[in-house]
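This report concerns only the one structure given below.
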Amino acid sequence: MAFCHNRLIEGGACFSHVLKHLGPMIFWSIAIAVTAIACAALFYAARGRTVNVEGSELAPENNHFRQILAGIESDLATGKLDADQAAAAKAELARDVLRAKNENQPRVSGDLSQGMLFGGLAAIAVMTIGLYAVLGSPDLPAQPLAERPEARAQTITLDDAVAQIEARLAQTPDDARGWTVIAPAYVEQGRFADAANAYRKVIELEGANPNLLTGLAEALLLEANGAGSAEAMTLLQTAADADPAHVQSRLYLAAELMRQEDYDAAADYWQQTIDLAQGEEPWLPAARQGLAVAQADGVNEAADAQEEMIRGMVESLSARLDTSGGSAEEWTQLVQSHIVLGDLDAAQAAYDRAVAAYPAAFDRGELDTLALQAGLTLNKGTP
Amino acid sequence: MSIELGHFSLILAFAISVVSAVGGLFLWRRGERLAMAMGQSAILQFVLVAVAFLALVQAFVTSDFSLKLAAANSHSLKPLIFKISGVWGNHEGSMLLWILILVLFGALVAAFSRRLPADLTNLVLGTQSLLTAAFAGFTLLTSNPFERLVPAPIEGNDLNPILQDIGLAIHPPLLYAGYVGFSICFSFAIAALISGRIDQTWARWVRPWTMLSWIFLTLGMAMGSYWAYYELGWGGWWFWDPVENASFMPWLAGTALLHSALVMEKRNALKIWTIFLSIITFSLSLLGTFLVRSGILTSVHTFASDPTRGLVILSILAVLIGGAFLLFAIRSPSLKQGGLFAPISREGALILNNLFLATAVGAVLVGTLYPLVLDAIAGVSISVGAPFFNFTFSALMAPLLLILPFGPLLPWKRADMVAAAQRLTGAAGLAVFLTILISALGGVSISLVPIGLLLGFWVALGSFAELVERSKIGRIPVRESVRRLVGLPRTIWSTALGHFGLGVTVLGIVAVTAWETEAVTTLNPGETVELSGYSIHFDSFEQVPGPNYAAEVGVFSVTAPGGGVSIAEAERRIYVASGTPTTEASILTYGFSQLYLQLGEPLTDTHVVRVWHKPYILLIWIGCLIMSGAGVLSLTDRRLRFGAPQGAKRKVLEAAE
């Protein structure tokens with residue numbers, strides 16, 4: 001095996017390589033051996049010693065009748081049956097014996113022929129190997145977790161990974177790739193100042209591009225807890241200007257302008273992002289809503305309309321539950337809606353009616369939790 | 001490689017079962033040699049499926065996620081026992097467990113029924129192999145547990161947290177053993193229909209298997225009910241959930257079969273009905289296992305189901321069950337009825353028992369399937385809930401319980417009802433007295449409760465009437481009575497015990513239904529809630545990490561009405577892999593009663609706590625254990641049973657006295 005002489009391949013790797021090639025061979029040898037043993041076992045069972053068939057047909061019944069007779073005798077002897085009962089039982093037994101004799105016809109016809117036996121065994125072997133060839137994957141080795149090297153690598157936590165990269169960056173601070181990798185990791189860890197610092201480093205080493213500028217702006221915005229700094233706005237502006245198709249920076253700009261109540265400018269950016277969208281983006285609905293709100297000068301008409309709709313639904317649900325009853329889930333929905341609309345008195349009233357409809361806590365499910373959470377009175381005030 | 005060898009073993013077992021099914025069912029007249037091969041085949045099937053099953057277990061234990069099933073249902077951090085039980089906590093693995101138990105029963109028949117005539121062996125093991133072939137084929141082709149995954153993921157999806165419980169290690173194997181055990185009765189019934197060999201010896205062979213399956217099914221159901229009780233966190237012990245019904249129907253039918261096989265074994269009567277019940281019982285078992293997987297029903301038990309699978313399963317069921325009934329319809333007219341008896345006799349009482357049980361099966365079946373059928377035909381979706389089942393079922397069970405104590409007291413063939421009633425006056429009086437006493441003490445108003453109690457006591461006490469009668473307690477010296485008691489056949493003891501267990505269960509059900517109390521409240525550590533005289537004090541709240549979950553633990557000290565403080569720890573767990581929460585209720589036992597404490601959802605500054613007091617709830621499961629124990633006792637009695645008929649002259653003699 002020439003490939004094993006390659007010194008770059010370690011001993012273990014070489015061994016597993018060999019196994020990978022031999023695996024299917026070993027597997028098929030075992031599989032064929034097992035099939036052969038099973039067929040041989042069946043063959044010898046059928047060819048093996050046979051009991052004298054003659055006259056054995058009535059044997060089980062005869063044995064059965066004899067045991068019953070013995071049972072009657074012993075019960076008679078121990079006094080569990082009196083003489084009359086025993087006589088009746090014996091008479092019935094005699095009738096049964098006669099009936100069994102009359103019914104008994106030869107049940108055996110012929111014997112298992114050699115041809116049938118071999119036919120069956122061949123069918124077993126062909127079916128097994130054929131079906132396995134279709135369904136199985138003989139070349140796929142077992143991969144218990146303990147024996148998989150990559151499993152150990154995966155268990156490294158984010159903290160460990162960050163610490164490792166930091167150690168490397170301490171020695172080679174000009175490694176732009178290291179800073180690029182670590183910056184989003186810092187964001188993930190909530191270390192926004194470090195993240196901003198890392199982005200600055202990359203920009204310093206590699207020059208600015210819209211993605212890096214947006215990343216830095218994001219870190220700055222997050223560090224200031226949403227209260228966007230002027231610097232972040234400038235960075236986003238630069239990124240957006242540099243690339244007319246850069247979506248991320250425009251989304252941040254629009255959101256930030258909304259916060260500053262500059263609705264005209266915000267609407268402009270929302271519109272730009274919507275124009276850039278392909279139609280499948282996860283942020284698209286948010287952008288559309290943002291545009292609508294910005295065009296209405298900050299009034300969320302959609303939300304108002306939604307609340308109006310909820311009110312309408314709640315009223316019809318409430319009416320329906322009162323007149324014709326409903327499931328526990330529907331009552332929960334009603335109570336929940338009242339709570340969302342801020343009408344706690346109505347929620348309490350609805351809850352009380354729900355309890356009347358479902359007196360056992362078991363049936364009410366999550367309703368009680370909801371009520372407790374909203375501060376409603378349970379158990380009619382007395383636990 | 002072990003996974004692939006397991007896969008290969010299963011395929012080999014499938015091929016053997018196919019050939020055996022064809023051989024056994026078509027060549028059954030070929031006698032002894034074939035019978036030897038059939039026996040060997042049954043044992044081989046078991047060994048091979050066991051190898052396949054062990055390969056799966058090994059893959060789960062070593063977290064081999066190149067096995068798709070392990071990746072989908074296991075997790076490397078799961079404790080060992082749940083890695084093992086996780087093998088059958090899913091559709092594919094549970095199918096393999098089902099097949100394993102099926103071939104185990106086949107192998108047991110082959111090993112223990114050497115004295116069976118060759119033609120019967122061929123037919124029984126042939127039918128058994130047919131079942132194995134059908135379900136192994138289904139498993140291999142539509143839900144193969146040995147499917148591999150390339151590349152293998154690093155971590156598994158984890159098992160549904162509700163299933164990560166010791167209950168999963170016990171409940172399905174017991175229940176499946178019960179379901180599958182009835183396959184033996186089914187195979188014997190098919191064999192009887194094909195060969196025409198149907199007599200007392202047949203009943204003698206079948207009855208131990210019926211009893212064994214019934215014991216497993218009883219234990220499996222009791223375990224399932226107790227598991228639902230402590231794990232689902234609501235303190236309910238029976239939900240009339242479609243899947244529970246699906247396990248209850250074979251139990252009712254199996255109970256009927258147990259009694260009718262008794263008549264057949266002892267009196268050679270009710271033959272056709274017994275054959276019919278054998279087929280029905282196993283058909284219901286199949287329905288119980290597979291209706292859930294067909295995608296028709298959805299419930300806690302539903303595994304992910306897909307339409308093709310459902311269709312295949314329904315076709316298998318239709319062919320097997322339909323085929324069996326077709327065979328029954330063709331062959332049963334040519335079978336001989338035997339054993340005549342008067343309406344009032346032990347046989348008559350057992351027929352009454354069968355009638356009520358069969359009607360109960362029908363009621364549960366209708367309640368379970370009617371909504372489905374209505375939905376399919378009319379597009380109207382209704383839910384048949386607990387009220388329907390509670391009402392219908394109690395209405396059917398009340399008369400059955402009422403006549404139950406009479407049964408064992410009636411002699412075979414013809415009986416004197418008045419004499420039997422006279423012997424039960426003691427039990428009846430005592431039952432009435434106890435009911436009035438309890439009702440008076442508990443201040444029970446006019447309701448169904450006293451009737452329930454009365455029935456429970458009546459059955460429990462009445463079941464001992466035969467023992468009292470046979471030992472002649474009070475009429476002869478005590479020592480003599482004890483000697484007679486000890487000398488009684490174990491079957492008589494087992495009858496008494498079994499019926500007593502039923503009475504105990506009834507009492508438990510009545511008590512917990514009537515007197516359960518509950519409280520739902522918010523508590524902070526340091527606060528106390530009172531319920532039914534128990535005082536529950538919230539001591540502390542902690543957060544504790546578990547192996548693959550994080551737990552919130554509420555520690556409570558509970559003061560019983562009679563003094564005595566116990567500590568209860570109720571948990572709420574969040575499983576890491578799935579993020580699903582589960583509640584681990586804390587259950588304190590006081591005699592036969594329990595206090596059930598559940599730590600609910602955390603609120604901003606307090607905790608939801610639910611407390612239930614469940615009086616005498618343990619009697620429900622203790623009754624089931626007693627029933628199962630009675631079954632075991634009956635199995636140990638290998639004495640041949642025969643029913644001594646009551647001679648017709650006897651009555652004349654008595655009149656002359």
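Chain lettering (A, B, ...) mirrors the order of the structure tokens, residue numbering begins at 1 for each chain separately, and ligand numbering begins at 1 in order of display.
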- Exercise answer, chain B residues close to chain A, 7 Å and only C-alpha atoms, as number ranges by chain: B: 1-5, 8, 11-12, 15-16, 19, 29-34, 36-37, 40-41, 62-64, 66, 117, 154, 201, 234, 519-522, 601, 603, 608, 640, 642, 644-647
- Task: List the neighbours of Glu571 (chain B) out to 10 Å using only C-alpha atoms; skip same-chain residues closer than 5 positions along the sequence, and give me the result as JSON, numbers by chain.
- Result: {"B": [541, 542, 543, 544, 550, 551, 552, 553, 554, 555, 582, 583, 584, 585, 586, 597, 598, 599, 600]}
For the residues in that selection, give me N, CA, C and O atoms as a short mmCIF file (atom, residue, chain, number, x, y, z; two decimals), in the first residue's frame.
```
data_model
loop_
_atom_site.label_atom_id
_atom_site.label_comp_id
_atom_site.auth_asym_id
_atom_site.auth_seq_id
_atom_site.Cartn_x
_atom_site.Cartn_y
_atom_site.Cartn_z
N PHE B 541 -36.38 28.67 47.29
CA PHE B 541 -36.38 28.51 45.85
C PHE B 541 -34.94 28.53 45.36
O PHE B 541 -34.19 29.44 45.69
N GLU B 542 -34.54 27.50 44.62
CA GLU B 542 -33.16 27.44 44.17
C GLU B 542 -33.08 27.13 42.68
O GLU B 542 -34.02 26.60 42.12
N GLN B 543 -31.93 27.44 42.11
CA GLN B 543 -31.70 27.03 40.73
C GLN B 543 -30.56 26.04 40.72
O GLN B 543 -29.49 26.31 41.23
N VAL B 544 -30.86 24.85 40.18
CA VAL B 544 -29.90 23.76 40.24
C VAL B 544 -29.66 23.24 38.83
O VAL B 544 -30.61 22.99 38.10
N ALA B 550 -31.53 22.60 33.08
CA ALA B 550 -31.36 23.48 34.23
C ALA B 550 -32.67 23.44 35.00
O ALA B 550 -33.74 23.48 34.40
N ALA B 551 -32.62 23.30 36.31
CA ALA B 551 -33.85 23.14 37.08
C ALA B 551 -34.04 24.28 38.05
O ALA B 551 -33.09 24.81 38.60
N GLU B 552 -35.34 24.64 38.23
CA GLU B 552 -35.71 25.51 39.33
C GLU B 552 -36.37 24.62 40.36
O GLU B 552 -37.29 23.86 40.02
N VAL B 553 -35.89 24.67 41.58
CA VAL B 553 -36.41 23.77 42.60
C VAL B 553 -37.09 24.58 43.69
O VAL B 553 -36.50 25.51 44.24
N GLY B 554 -38.35 24.23 43.96
CA GLY B 554 -39.04 24.83 45.09
C GLY B 554 -39.07 23.81 46.23
O GLY B 554 -39.47 22.67 46.03
N VAL B 555 -38.59 24.23 47.40
CA VAL B 555 -38.60 23.32 48.54
C VAL B 555 -39.74 23.72 49.47
O VAL B 555 -39.85 24.89 49.85
N THR B 582 -40.32 21.26 31.47
CA THR B 582 -41.20 20.22 32.00
C THR B 582 -41.35 20.47 33.49
O THR B 582 -40.52 21.14 34.09
N THR B 583 -42.43 19.95 34.06
CA THR B 583 -42.57 20.08 35.50
C THR B 583 -42.39 18.71 36.12
O THR B 583 -42.83 17.72 35.59
N GLU B 584 -41.66 18.68 37.22
CA GLU B 584 -41.50 17.45 37.98
C GLU B 584 -42.24 17.69 39.28
O GLU B 584 -41.72 18.36 40.18
N ALA B 585 -43.45 17.16 39.36
CA ALA B 585 -44.24 17.41 40.55
C ALA B 585 -43.65 16.66 41.73
O ALA B 585 -42.97 15.66 41.56
N SER B 586 -43.91 17.19 42.91
CA SER B 586 -43.49 16.48 44.11
C SER B 586 -44.73 15.80 44.69
O SER B 586 -45.78 16.43 44.82
N LEU B 597 -47.89 18.27 44.52
CA LEU B 597 -47.43 19.66 44.54
C LEU B 597 -46.72 19.99 43.25
O LEU B 597 -45.80 19.30 42.84
N GLN B 598 -47.17 21.06 42.58
CA GLN B 598 -46.52 21.40 41.32
C GLN B 598 -46.06 22.85 41.34
O GLN B 598 -46.80 23.75 41.70
N LEU B 599 -44.78 23.03 41.00
CA LEU B 599 -44.22 24.37 40.90
C LEU B 599 -44.49 24.85 39.48
O LEU B 599 -44.01 24.27 38.52
N GLY B 600 -45.29 25.91 39.36
CA GLY B 600 -45.69 26.34 38.02
C GLY B 600 -44.75 27.36 37.43
O GLY B 600 -43.59 27.47 37.82
#
```
- Assign secondary structure with DSSP using the backbone only, and return the residues of region 110-349 of chain A in alpha helix (DSSP H) as number ranges by chain. A: 114-135, 149-154, 158-171, 176-189, 192-206, 210-223, 230-242, 247-259, 263-276, 284-295, 301-324, 328-340, 344-349
- Message: When you look at Tyr252 (chain A) with a cut-off of 12 Å (counting only C-alpha atoms), what residues show up, excluding the ones that are within fewer than 3 positions of it in the same chain? I need them as a PyMOL selection string.
- Response: chain A and resi 213-222+226+228+232-237+239-240+246-249+255-259+266+269-270+273+283+287+290
